Each structure stands twice: as structure tokens, then as C-alpha cells.
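entry-v2.cif follows; it contains mmCIF, C-alpha atoms.
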```cif
data_input
#
loop_
_atom_site.label_atom_id
_atom_site.label_comp_id
_atom_site.auth_asym_id
_atom_site.auth_seq_id
_atom_site.Cartn_x
_atom_site.Cartn_y
_atom_site.Cartn_z
CA MET A 964 46.50 -24.56 0.98
CA ILE A 965 49.81 -24.26 2.81
CA THR A 966 50.32 -25.39 6.38
CA SER A 967 52.82 -24.23 8.95
CA THR A 968 54.79 -27.46 8.47
CA GLU A 969 55.14 -26.80 4.74
CA THR A 970 56.07 -23.14 4.87
CA ARG A 971 58.02 -20.92 7.24
CA ILE A 972 58.65 -17.20 7.12
CA LEU A 973 62.42 -16.81 7.05
CA LEU A 974 62.88 -13.06 6.75
CA LEU A 975 60.71 -9.98 7.21
CA GLY A 976 61.06 -6.54 5.69
CA ASP A 977 61.36 -3.79 8.27
CA ALA A 978 58.53 -1.61 6.92
CA LEU A 979 55.58 -3.96 6.61
CA PRO A 980 52.36 -1.94 7.09
CA VAL A 981 49.74 -3.74 9.16
CA GLY A 982 46.44 -4.46 7.51
CA SER A 983 44.48 -6.85 5.35
CA TYR A 984 45.78 -7.50 1.82
CA VAL A 985 44.40 -9.17 -1.29
CA LEU A 986 46.22 -10.69 -4.24
CA HIS A 987 47.55 -8.13 -6.70
CA SER A 988 49.75 -10.13 -9.08
CA ARG A 989 51.65 -13.40 -9.25
CA PHE A 990 54.97 -14.09 -10.96
CA ARG A 991 57.53 -16.87 -10.89
CA ASP A 992 59.56 -15.50 -7.97
CA VAL A 993 57.20 -12.98 -6.36
CA VAL A 994 53.57 -12.76 -5.28
CA ASN A 995 52.28 -9.23 -4.66
CA TYR A 996 49.45 -8.27 -2.34
CA ARG A 997 47.76 -4.88 -2.10
CA LYS A 998 45.88 -2.94 0.54
CA GLY A 999 43.60 -0.39 -1.07
CA THR A 1000 45.18 1.46 -3.96
CA ASP A 1001 48.42 2.64 -2.40
CA THR A 1002 50.08 -0.10 -0.32
CA LEU A 1003 51.90 -3.18 -1.61
CA VAL A 1004 53.69 -6.07 0.09
CA PHE A 1005 55.16 -9.20 -1.48
CA LEU A 1006 56.22 -12.77 -0.79
CA THR A 1007 59.26 -14.42 -2.33
CA THR A 1008 61.35 -17.54 -1.80
CA ARG A 1009 64.54 -15.73 -2.85
CA ARG A 1010 66.36 -13.93 -0.05
CA GLU A 1011 68.20 -11.66 -2.47
CA LEU A 1012 64.88 -10.09 -3.51
CA ILE A 1013 63.90 -8.94 -0.02
CA ALA A 1014 63.02 -5.29 0.51
CA ALA A 1015 61.36 -3.19 3.19
CA ASN A 1016 57.87 -4.41 2.21
CA GLY A 1017 58.71 -8.06 1.55
CA LEU A 1018 58.65 -11.46 3.24
CA VAL A 1019 60.86 -14.41 2.38
CA VAL A 1020 59.22 -17.81 2.83
CA SER A 1021 60.71 -21.28 2.71
CA GLY A 1022 59.95 -23.89 0.10
CA GLY A 1023 60.46 -24.34 -3.58
CA SER A 1024 57.19 -22.72 -4.63
CA LEU A 1025 55.22 -19.71 -3.54
CA PRO A 1026 51.97 -19.98 -1.56
CA GLU A 1027 48.72 -20.05 -3.52
CA ALA A 1028 46.95 -17.87 -0.96
CA ASP A 1029 44.87 -14.98 -2.28
CA LYS A 1030 44.93 -12.97 0.94
CA LEU A 1031 47.43 -11.85 3.54
CA LEU A 1032 46.89 -10.39 7.00
CA ILE A 1033 49.66 -8.50 8.78
CA SER A 1034 49.46 -7.47 12.44
CA GLU A 1035 52.07 -6.48 14.97
CA GLU A 1036 52.05 -9.99 16.46
CA ARG A 1037 51.53 -12.32 13.50
CA ILE A 1038 51.28 -12.73 9.77
CA THR A 1039 48.54 -14.88 8.28
CA ILE A 1040 49.08 -16.25 4.79
CA GLY A 1041 45.75 -17.50 3.52
CA GLU A 1042 44.36 -19.18 6.62
CA THR A 1043 47.68 -20.06 8.24
CA PRO A 1044 49.03 -17.79 11.00
CA PHE A 1045 52.73 -17.32 11.75
CA ASP A 1046 54.07 -15.72 14.91
CA ARG A 1047 56.36 -12.78 14.07
CA SER A 1048 58.53 -13.15 17.16
CA GLY A 1049 61.98 -14.53 16.48
CA ILE A 1050 61.86 -14.06 12.70
CA GLU A 1051 64.93 -12.36 11.23
CA LEU A 1052 64.38 -8.74 10.21
CA PHE A 1053 65.93 -7.28 7.06
CA ASP A 1054 67.47 -3.84 7.58
CA SER A 1055 66.47 -1.88 4.48
CA ALA A 1056 68.13 1.41 5.44
CA LEU A 1057 70.46 2.86 2.83
CA PRO A 1058 73.84 2.48 4.60
CA LEU A 1059 74.87 6.12 4.34
CA ASP A 1060 77.22 6.17 7.33
CA LEU A 1061 79.28 3.34 5.86
CA LEU A 1062 80.11 5.15 2.63
CA CYS A 1063 83.45 6.82 2.09
CA ILE A 1064 82.36 9.99 0.30
CA THR A 1065 85.42 10.49 -1.89
CA ARG A 1066 85.89 6.90 -2.96
CA PHE A 1067 82.21 6.18 -3.45
CA ASP A 1068 81.69 9.32 -5.49
CA GLN A 1069 84.70 8.55 -7.68
CA SER A 1070 83.64 4.94 -8.21
CA ILE A 1071 80.10 5.93 -9.20
CA ARG A 1072 81.37 8.51 -11.68
CA MET A 1073 83.72 5.98 -13.29
CA LEU A 1074 81.21 3.14 -13.38
CA PRO A 1075 79.80 3.74 -16.91
CA ASP A 1076 83.30 3.60 -18.41
CA THR A 1077 84.53 0.76 -16.21
CA TRP A 1078 81.47 -1.50 -16.21
CA GLY A 1079 79.25 -0.19 -18.99
CA ARG A 1080 79.74 -3.40 -20.97
CA LEU A 1081 77.65 -5.25 -18.38
CA PHE A 1082 74.54 -3.10 -18.96
CA CYS A 1083 72.07 -4.43 -21.54
CA PRO A 1084 71.78 -2.25 -24.66
CA GLN A 1085 68.18 -1.18 -23.88
CA SER A 1086 69.03 0.13 -20.42
CA MET A 1087 68.94 3.86 -19.77
CA LEU A 1088 72.69 4.04 -19.43
CA TYR A 1089 72.45 5.87 -22.78
CA VAL A 1090 71.41 8.95 -20.77
CA LEU A 1091 74.98 8.98 -19.49
CA VAL A 1092 76.62 7.54 -22.60
CA PRO A 1093 74.52 8.78 -25.56
CA GLU A 1094 76.50 6.82 -28.16
CA ARG A 1095 74.93 3.67 -26.72
CA MET A 1096 71.75 4.69 -28.55
CA ASP A 1097 73.37 3.35 -31.73
CA ALA A 1098 72.82 -0.18 -30.41
CA LEU A 1099 69.04 0.24 -29.99
CA ALA A 1100 67.37 -2.13 -32.42
CA THR A 1101 63.73 -0.96 -32.50
CA GLN A 1102 61.98 2.29 -33.30
CA PHE A 1103 60.16 2.11 -29.97
CA ASP A 1104 63.44 1.91 -28.04
CA ARG A 1105 64.83 4.85 -29.99
CA LEU A 1106 61.72 6.94 -29.26
CA VAL A 1107 61.99 6.08 -25.55
CA ALA A 1108 65.66 7.02 -25.57
CA GLY A 1109 64.96 10.35 -27.28
CA GLN A 1110 62.39 11.27 -24.66
CA ALA A 1111 64.71 10.14 -21.86
CA LEU A 1112 67.46 12.41 -23.17
CA ARG A 1113 65.03 15.34 -23.32
CA ALA A 1114 64.03 14.58 -19.74
CA ALA A 1115 67.69 14.59 -18.65
CA ASP A 1116 68.17 17.96 -20.31
CA ARG A 1117 65.18 19.38 -18.41
CA LEU A 1118 66.57 18.10 -15.12
CA LEU A 1119 69.95 19.67 -15.78
CA GLU A 1120 68.26 22.95 -16.68
CA GLY A 1121 66.52 22.98 -13.31
CA ARG A 1122 63.13 22.21 -14.87
CA VAL A 1123 62.73 19.24 -12.56
CA GLU A 1124 58.98 18.76 -12.81
CA GLU A 1125 59.08 18.79 -16.62
CA GLY A 1126 61.87 16.23 -16.62
CA LEU A 1127 60.05 13.96 -14.20
CA LEU A 1128 56.84 14.10 -16.21
CA LEU A 1129 58.74 13.05 -19.32
CA LEU A 1130 60.15 10.07 -17.41
CA ARG A 1131 56.91 8.98 -15.71
CA GLY A 1132 55.66 5.75 -17.27
CA LEU A 1133 58.31 5.90 -19.99
CA GLY A 1134 59.17 2.52 -21.50
CA ARG A 1135 57.77 -0.97 -21.35
CA GLY A 1136 57.43 -3.54 -18.59
CA LEU A 1137 55.88 -3.88 -15.16
CA THR A 1138 58.00 -1.01 -13.91
CA PRO A 1139 58.83 1.16 -16.93
CA ALA A 1140 62.42 2.28 -17.41
CA GLY A 1141 61.72 5.94 -16.71
CA ASP A 1142 60.17 5.14 -13.33
CA ASP A 1143 63.12 2.97 -12.30
CA PHE A 1144 65.44 5.80 -13.36
CA VAL A 1145 63.55 8.23 -11.09
CA ALA A 1146 63.86 5.79 -8.17
CA GLY A 1147 67.61 5.90 -8.74
CA LEU A 1148 67.48 9.70 -8.65
CA LEU A 1149 65.74 9.52 -5.27
CA TYR A 1150 68.46 7.27 -3.86
CA ALA A 1151 71.07 9.74 -5.09
CA LEU A 1152 69.13 12.57 -3.47
CA ASN A 1153 69.19 10.72 -0.15
CA ILE A 1154 72.96 10.40 -0.41
CA HIS A 1155 73.33 14.07 -1.32
CA GLU A 1156 71.19 14.96 1.70
CA HIS A 1157 73.47 12.95 3.96
CA TRP A 1158 76.72 14.29 2.52
CA SER A 1159 75.57 17.93 2.43
CA GLY A 1160 73.98 17.89 5.87
CA LYS A 1161 70.93 19.66 4.42
CA ASP A 1162 67.31 18.57 4.71
CA HIS A 1163 66.08 17.55 1.26
CA SER A 1164 62.66 16.36 2.41
CA PRO A 1165 60.85 18.99 0.28
CA GLN A 1166 62.74 17.93 -2.85
CA LYS A 1167 62.13 14.23 -2.19
CA GLY A 1168 58.46 14.93 -1.56
CA GLN A 1169 58.23 16.89 -4.81
CA VAL A 1170 59.87 14.13 -6.85
CA PHE A 1171 57.59 11.50 -5.36
CA ALA A 1172 54.44 13.57 -5.86
CA VAL A 1173 55.21 14.24 -9.52
CA ALA A 1174 56.54 10.78 -10.38
CA LYS A 1175 53.89 8.55 -8.82
CA GLY A 1176 50.97 7.48 -10.96
CA GLY A 1177 48.54 4.59 -11.24
CA ASN A 1178 51.09 1.76 -11.15
CA LEU A 1179 51.19 0.34 -7.62
CA LEU A 1180 54.46 -1.53 -8.25
CA VAL A 1181 56.12 1.71 -9.38
CA ASN A 1182 54.68 3.76 -6.52
CA SER A 1183 55.92 1.24 -3.96
CA GLY A 1184 59.46 1.41 -5.35
CA LEU A 1185 59.39 5.21 -5.46
CA TRP A 1186 58.18 5.42 -1.86
CA GLN A 1187 60.99 3.16 -0.68
CA ALA A 1188 63.58 5.19 -2.59
CA LYS A 1189 62.19 8.44 -1.20
CA SER A 1190 62.38 6.97 2.30
CA GLY A 1191 65.96 5.77 1.86
CA ARG A 1192 64.93 2.11 2.06
CA CYS A 1193 66.54 -0.23 -0.43
CA SER A 1194 66.38 -3.82 -1.57
CA HIS A 1195 68.95 -6.43 -0.65
CA LEU A 1196 70.33 -6.27 -4.20
CA PHE A 1197 70.88 -2.52 -4.12
CA LYS A 1198 72.26 -2.55 -0.59
CA ASN A 1199 74.73 -5.29 -1.49
CA PHE A 1200 75.89 -3.23 -4.45
CA VAL A 1201 76.41 -0.13 -2.28
CA LEU A 1202 78.26 -2.23 0.30
CA SER A 1203 80.42 -4.12 -2.21
CA PRO A 1204 83.64 -5.35 -0.55
CA SER A 1205 85.91 -2.82 -2.24
CA PHE A 1206 85.40 0.75 -1.10
CA ASN A 1207 87.38 2.16 -4.03
CA GLY A 1208 85.30 0.34 -6.60
CA PHE A 1209 82.41 -2.06 -6.87
CA GLY A 1210 82.43 -5.82 -6.75
CA GLU A 1211 81.53 -7.37 -10.09
CA ALA A 1212 79.33 -10.04 -8.53
CA GLU A 1213 77.21 -7.49 -6.66
CA LEU A 1214 76.92 -5.31 -9.76
CA ARG A 1215 75.92 -8.24 -11.97
CA ALA A 1216 73.28 -9.30 -9.44
CA LEU A 1217 71.72 -5.83 -9.44
CA LEU A 1218 71.83 -5.56 -13.24
CA SER A 1219 70.12 -8.95 -13.58
CA HIS A 1220 67.02 -7.76 -11.72
CA GLY A 1221 64.11 -7.64 -14.14
CA ALA A 1222 64.55 -7.12 -17.86
CA THR A 1223 66.23 -3.74 -17.34
CA SER A 1224 64.89 -2.58 -13.94
CA GLY A 1225 68.13 -2.93 -12.00
CA ALA A 1226 70.13 -1.33 -14.81
CA ASP A 1227 67.68 1.58 -15.19
CA LEU A 1228 67.62 2.23 -11.45
CA LEU A 1229 71.41 2.24 -11.40
CA ALA A 1230 71.55 4.58 -14.41
CA GLY A 1231 69.31 7.04 -12.57
CA PHE A 1232 71.42 6.67 -9.45
CA ILE A 1233 74.65 7.39 -11.33
CA PHE A 1234 73.07 10.37 -13.11
CA GLY A 1235 71.84 11.73 -9.78
CA ILE A 1236 75.23 11.34 -8.10
CA GLN A 1237 77.09 12.90 -11.00
CA ASN A 1238 74.73 15.89 -11.20
CA ARG A 1239 73.37 16.20 -7.68
CA THR A 1240 74.59 19.74 -7.11
CA ILE A 1241 73.20 20.83 -10.47
CA ILE A 1242 69.72 19.31 -10.23
CA TRP A 1243 69.01 20.09 -6.60
#
```

Written as C-alpha cells, that's how I'd like the structure from this file.
Amino acid sequence: MITSTETRILLLGDALPVGSYVLHSRFRDVVNYRKGTDTLVFLTTRRELIAANGLVVSGGSLPEADKLLISEERITIGETPFDRSGIELFDSALPLDLLCITRFDQSIRMLPDTWGRLFCPQSMLYVLVPERMDALATQFDRLVAGQALRAADRLLEGRVEEGLLLLRGLGRGLTPAGDDFVAGLLYALNIHEHWSGKDHSPQKGQVFAVAKGGNLLVNSGLWQAKSGRCSHLFKNFVLSPSFNGFGEAELRALLSHGATSGADLLAGFIFGIQNRTIIW
């Protein structure tokens, strides 16, 4: 069991729901805890993985605790309480006011041609660059790609619910590629809402309602995207030093997240930016 001298909480997400949590899943860099069937929070030792519902703790290994208690005043990991006062808070808001519309839009549209070589072959960038399907090595990947392209067609035809249903749960992994792609669409929709000055809450609510399913990890990511809350990796990418293009280091960091999760989210984001006035 950890003690307060062994572990400190270094950084808190800014949307941690209070409540009592039990262990959901454990991985090398992240431990997930759930409350009921619809709320997820996580612990990590890597600051770059922080998000609205995460906590960064010190130490070389993650706590072995199987429960987590979050209140307004303190956080208890296992049996060890930590006072929340004075702990750094991560701002997960998508930094919309800091984006130069023209330059950001142009950079996003050019990204597949400029940086496509950095995306792994299995990533859903083939929705934007269909010839990338030629590099898919397995029948499963080709079937996934075919369905993803049909989903994209439905979205562009205005048949949004049909497209989302084709993407829901599509692919392999803890967060399937299609779900990550939809999260990217939601981030693009938030940006379109900001730039257009129109309230897109109904559209965001519709996307979330159709896309969510029985995967708590997926639902948590979709909720954050709908709410305009992003991870440190995605925020760093959006705020890359150059406002007329993206920093390679920030892009590589995002693309390295998961097997293809970061790349699939970014593919959905690019697709949503490129086609935002068509889809919505």
C-alpha cells in the first residue's frame, strides 16, 4: 500500500467528478477507475497523458490501490488521503480563442499531404487519402477501411446518424479506430461552433448519443470531446509553436498515443475541419 511519503499528486484534471470509484483496468502507464457504468477517472505518472478526468502522481510505478475516493477537499487513493489544496490544476479547455482561423484552417487542410508520412499505415487517414488503403496488410484492416469509407460518404451526404453507427465500435483495440475518429469529429464541431458563432449543442448532443455504447473508455473520451475538453497531447498539438503550421514534435507525440488512437482522432479532426460546413 502506498503512503503519502511515497506518492504525491502532482497534477489534477479540471473535471474530476466527486464520488467513490473502483478499479476498472490497469495498464503500464494508466490505471482506470469507474463510478457506476458511466464515469471514469484515471491515474498516471506521465504528465503528458493528463486530461480533464485524470490525476498525475509521482513515482516510478502506479499505485496498487483498487479504490479511489474523490471529494471537493481531498482525494483518497486506497487508504491514503491527499489534500487537494495547492495541487496544480490542468486546464483541459480546447484553446479556441488562441487559434488564428485562417492559418489554423489552412494548416489542418494541408496536414495529410505535409505530414501524412508520420501516420501509421493502419490509421484512418485513409478516409482522407484513400490510396493509403493499398498499404493495409490484412483482410480485417481492409474490411474496416471499407466500412470507414462508407461511413464518411454517409456523413458527407448528410446522413449523419447512419455514418456514426457505421463508425461506432469499428476496429480493434481498447478504443476502436472508429470511436477515436468520432471524437475527432466532435473536436472539429466545437471549433466550427466557435468560428461560426452558432450554438451547435444539439448537433454535439446528437453525435454523442448515437456514438456512445458499452465501452466506458470510449464514452469518457467522447464526452470530453463533446464538452470541448482535451488531453495535454491534443492541446499541445493545437498550440504548436508555429501558427502557420504544426510543430513536428507535438504532432509526433499525439500520433504516438496508443496503437493508432492519436492518429485516428486526428484523422477525424481533419475530416471534420475540412468538411464542417458540409456535415453540419

Would you write out, as a ChimeraX atom specification, every residue that the PyMOL selection byres ((chain A and resi 984) around 9) captures in this file?
-> /A:982-983,985-987,996-999,1002-1004,1029-1033

I would like the residues chosen by the PyMOL selection byres ((chain A and resi 1083-1087) around 8) on the shown file; could you give them as an MDAnalysis selection string?
-> chainID A and resid 1080:1082 1088:1091 1095:1096 1098:1099 1104 1108 1111 1140 1144 1223 1226:1227 1230:1231

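Among the candidates A:Leu1148, A:Leu1127, A:Leu1214, A:Leu1179, the residue lying nearest to Lys1198 of chain A is A:Leu1214 (atoms considered: only C-alpha atoms).
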
Atomic distance atom CA of Cys1193 of chain A - atom CA of Ser1055 of chain A, expressed in Å with one decimal | 5.2 Å

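Atom CA of Gly1141 of chain A lies 25.1 Å from atom CA of Leu1202 of chain A.
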
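When atom CA of Ile1038 of chain A is paired with atom CA of Arg991 of chain A, their separation reads 22.0 Å.
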
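In this comparison, which uses all atoms listed in the file, the residue of A:Leu1128, A:Gly1041, A:Asp992, A:Gly1109 approaching Gly1176 of chain A most closely is A:Leu1128.
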
Between segment 1029-1115 of chain A and segment 1011-1015 of chain A, at 9 Å or less, what are the per-residue closest atom pairs and their distances in Å? Count all atoms listed in the file, order by chain and rising residue number, and return it as a tab-separated table.
```
residue	atom	partner	partner_atom	distance
A:Phe1053	CA	A:Ala1015	CA	7.3
A:Asp1054	CA	A:Ala1015	CA	7.6
A:Ser1055	CA	A:Ala1015	CA	5.4
A:Ala1056	CA	A:Ala1015	CA	8.5
```

Can you tell me, as a list in words, what residues are no more than 12 Å from Pro1058 of chain A when counting all atoms listed in the file, ignoring any on the same chain fewer than 5 positions away?
-> Cys1063, Tyr1150, Asn1153, Ile1154, His1157, Gly1191, Arg1192, Cys1193, Ser1194, His1195, Phe1197, Lys1198, Asn1199, Phe1200, Val1201, Leu1202 and Ser1203 of chain A

Nearest candidate to Val1092 of chain A (options A:His1155, A:Arg1239, A:His1220, A:Arg1072; using all atoms listed in the file) | A:Arg1072

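Of the residues listed (A:Leu1133, A:Leu974, A:Leu1218, A:Leu1119), A:Leu1119 shows the shortest atom-to-atom separation from Gly1235 of chain A; distances use only C-alpha atoms.
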
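The shortest atom-to-atom distance to Trp1158 of chain A, with only C-alpha atoms taken into account, belongs to A:Ile1236 out of A:Leu1052, A:Ile1236, A:Val993, A:Leu1112.
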
Given the file shown, enumerate the residues that the PyMOL selection byres ((chain A and resi 1073) around 12) captures and present them as a CSV table (one decimal) with C-alpha atoms, keeping the file's coordinate frame.
```
chain,number,residue,atom,x,y,z
A,1066,ARG,CA,85.9,6.9,-3.0
A,1067,PHE,CA,82.2,6.2,-3.4
A,1068,ASP,CA,81.7,9.3,-5.5
A,1069,GLN,CA,84.7,8.6,-7.7
A,1070,SER,CA,83.6,4.9,-8.2
A,1071,ILE,CA,80.1,5.9,-9.2
A,1072,ARG,CA,81.4,8.5,-11.7
A,1074,LEU,CA,81.2,3.1,-13.4
A,1075,PRO,CA,79.8,3.7,-16.9
A,1076,ASP,CA,83.3,3.6,-18.4
A,1077,THR,CA,84.5,0.8,-16.2
A,1078,TRP,CA,81.5,-1.5,-16.2
A,1079,GLY,CA,79.2,-0.2,-19.0
A,1091,LEU,CA,75.0,9.0,-19.5
A,1092,VAL,CA,76.6,7.5,-22.6
A,1207,ASN,CA,87.4,2.2,-4.0
A,1208,GLY,CA,85.3,0.3,-6.6
A,1209,PHE,CA,82.4,-2.1,-6.9
A,1233,ILE,CA,74.6,7.4,-11.3
A,1234,PHE,CA,73.1,10.4,-13.1
A,1236,ILE,CA,75.2,11.3,-8.1
A,1237,GLN,CA,77.1,12.9,-11.0
```

Contacts of segment 1161-1175 of chain A at 10 Å (only C-alpha atoms; same-chain gap of 4+ positions) as an MDAnalysis selection string = chainID A and resid 1123:1132 1141:1142 1145:1146 1148:1150 1152:1153 1155:1157 1179 1181:1186 1188:1190 1243

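The nearest approach to Ala978 of chain A among the residues A:Ala1212, A:Leu1006, A:Leu1018, A:Leu1217, with all atoms listed in the file taken into account, belongs to A:Leu1018.
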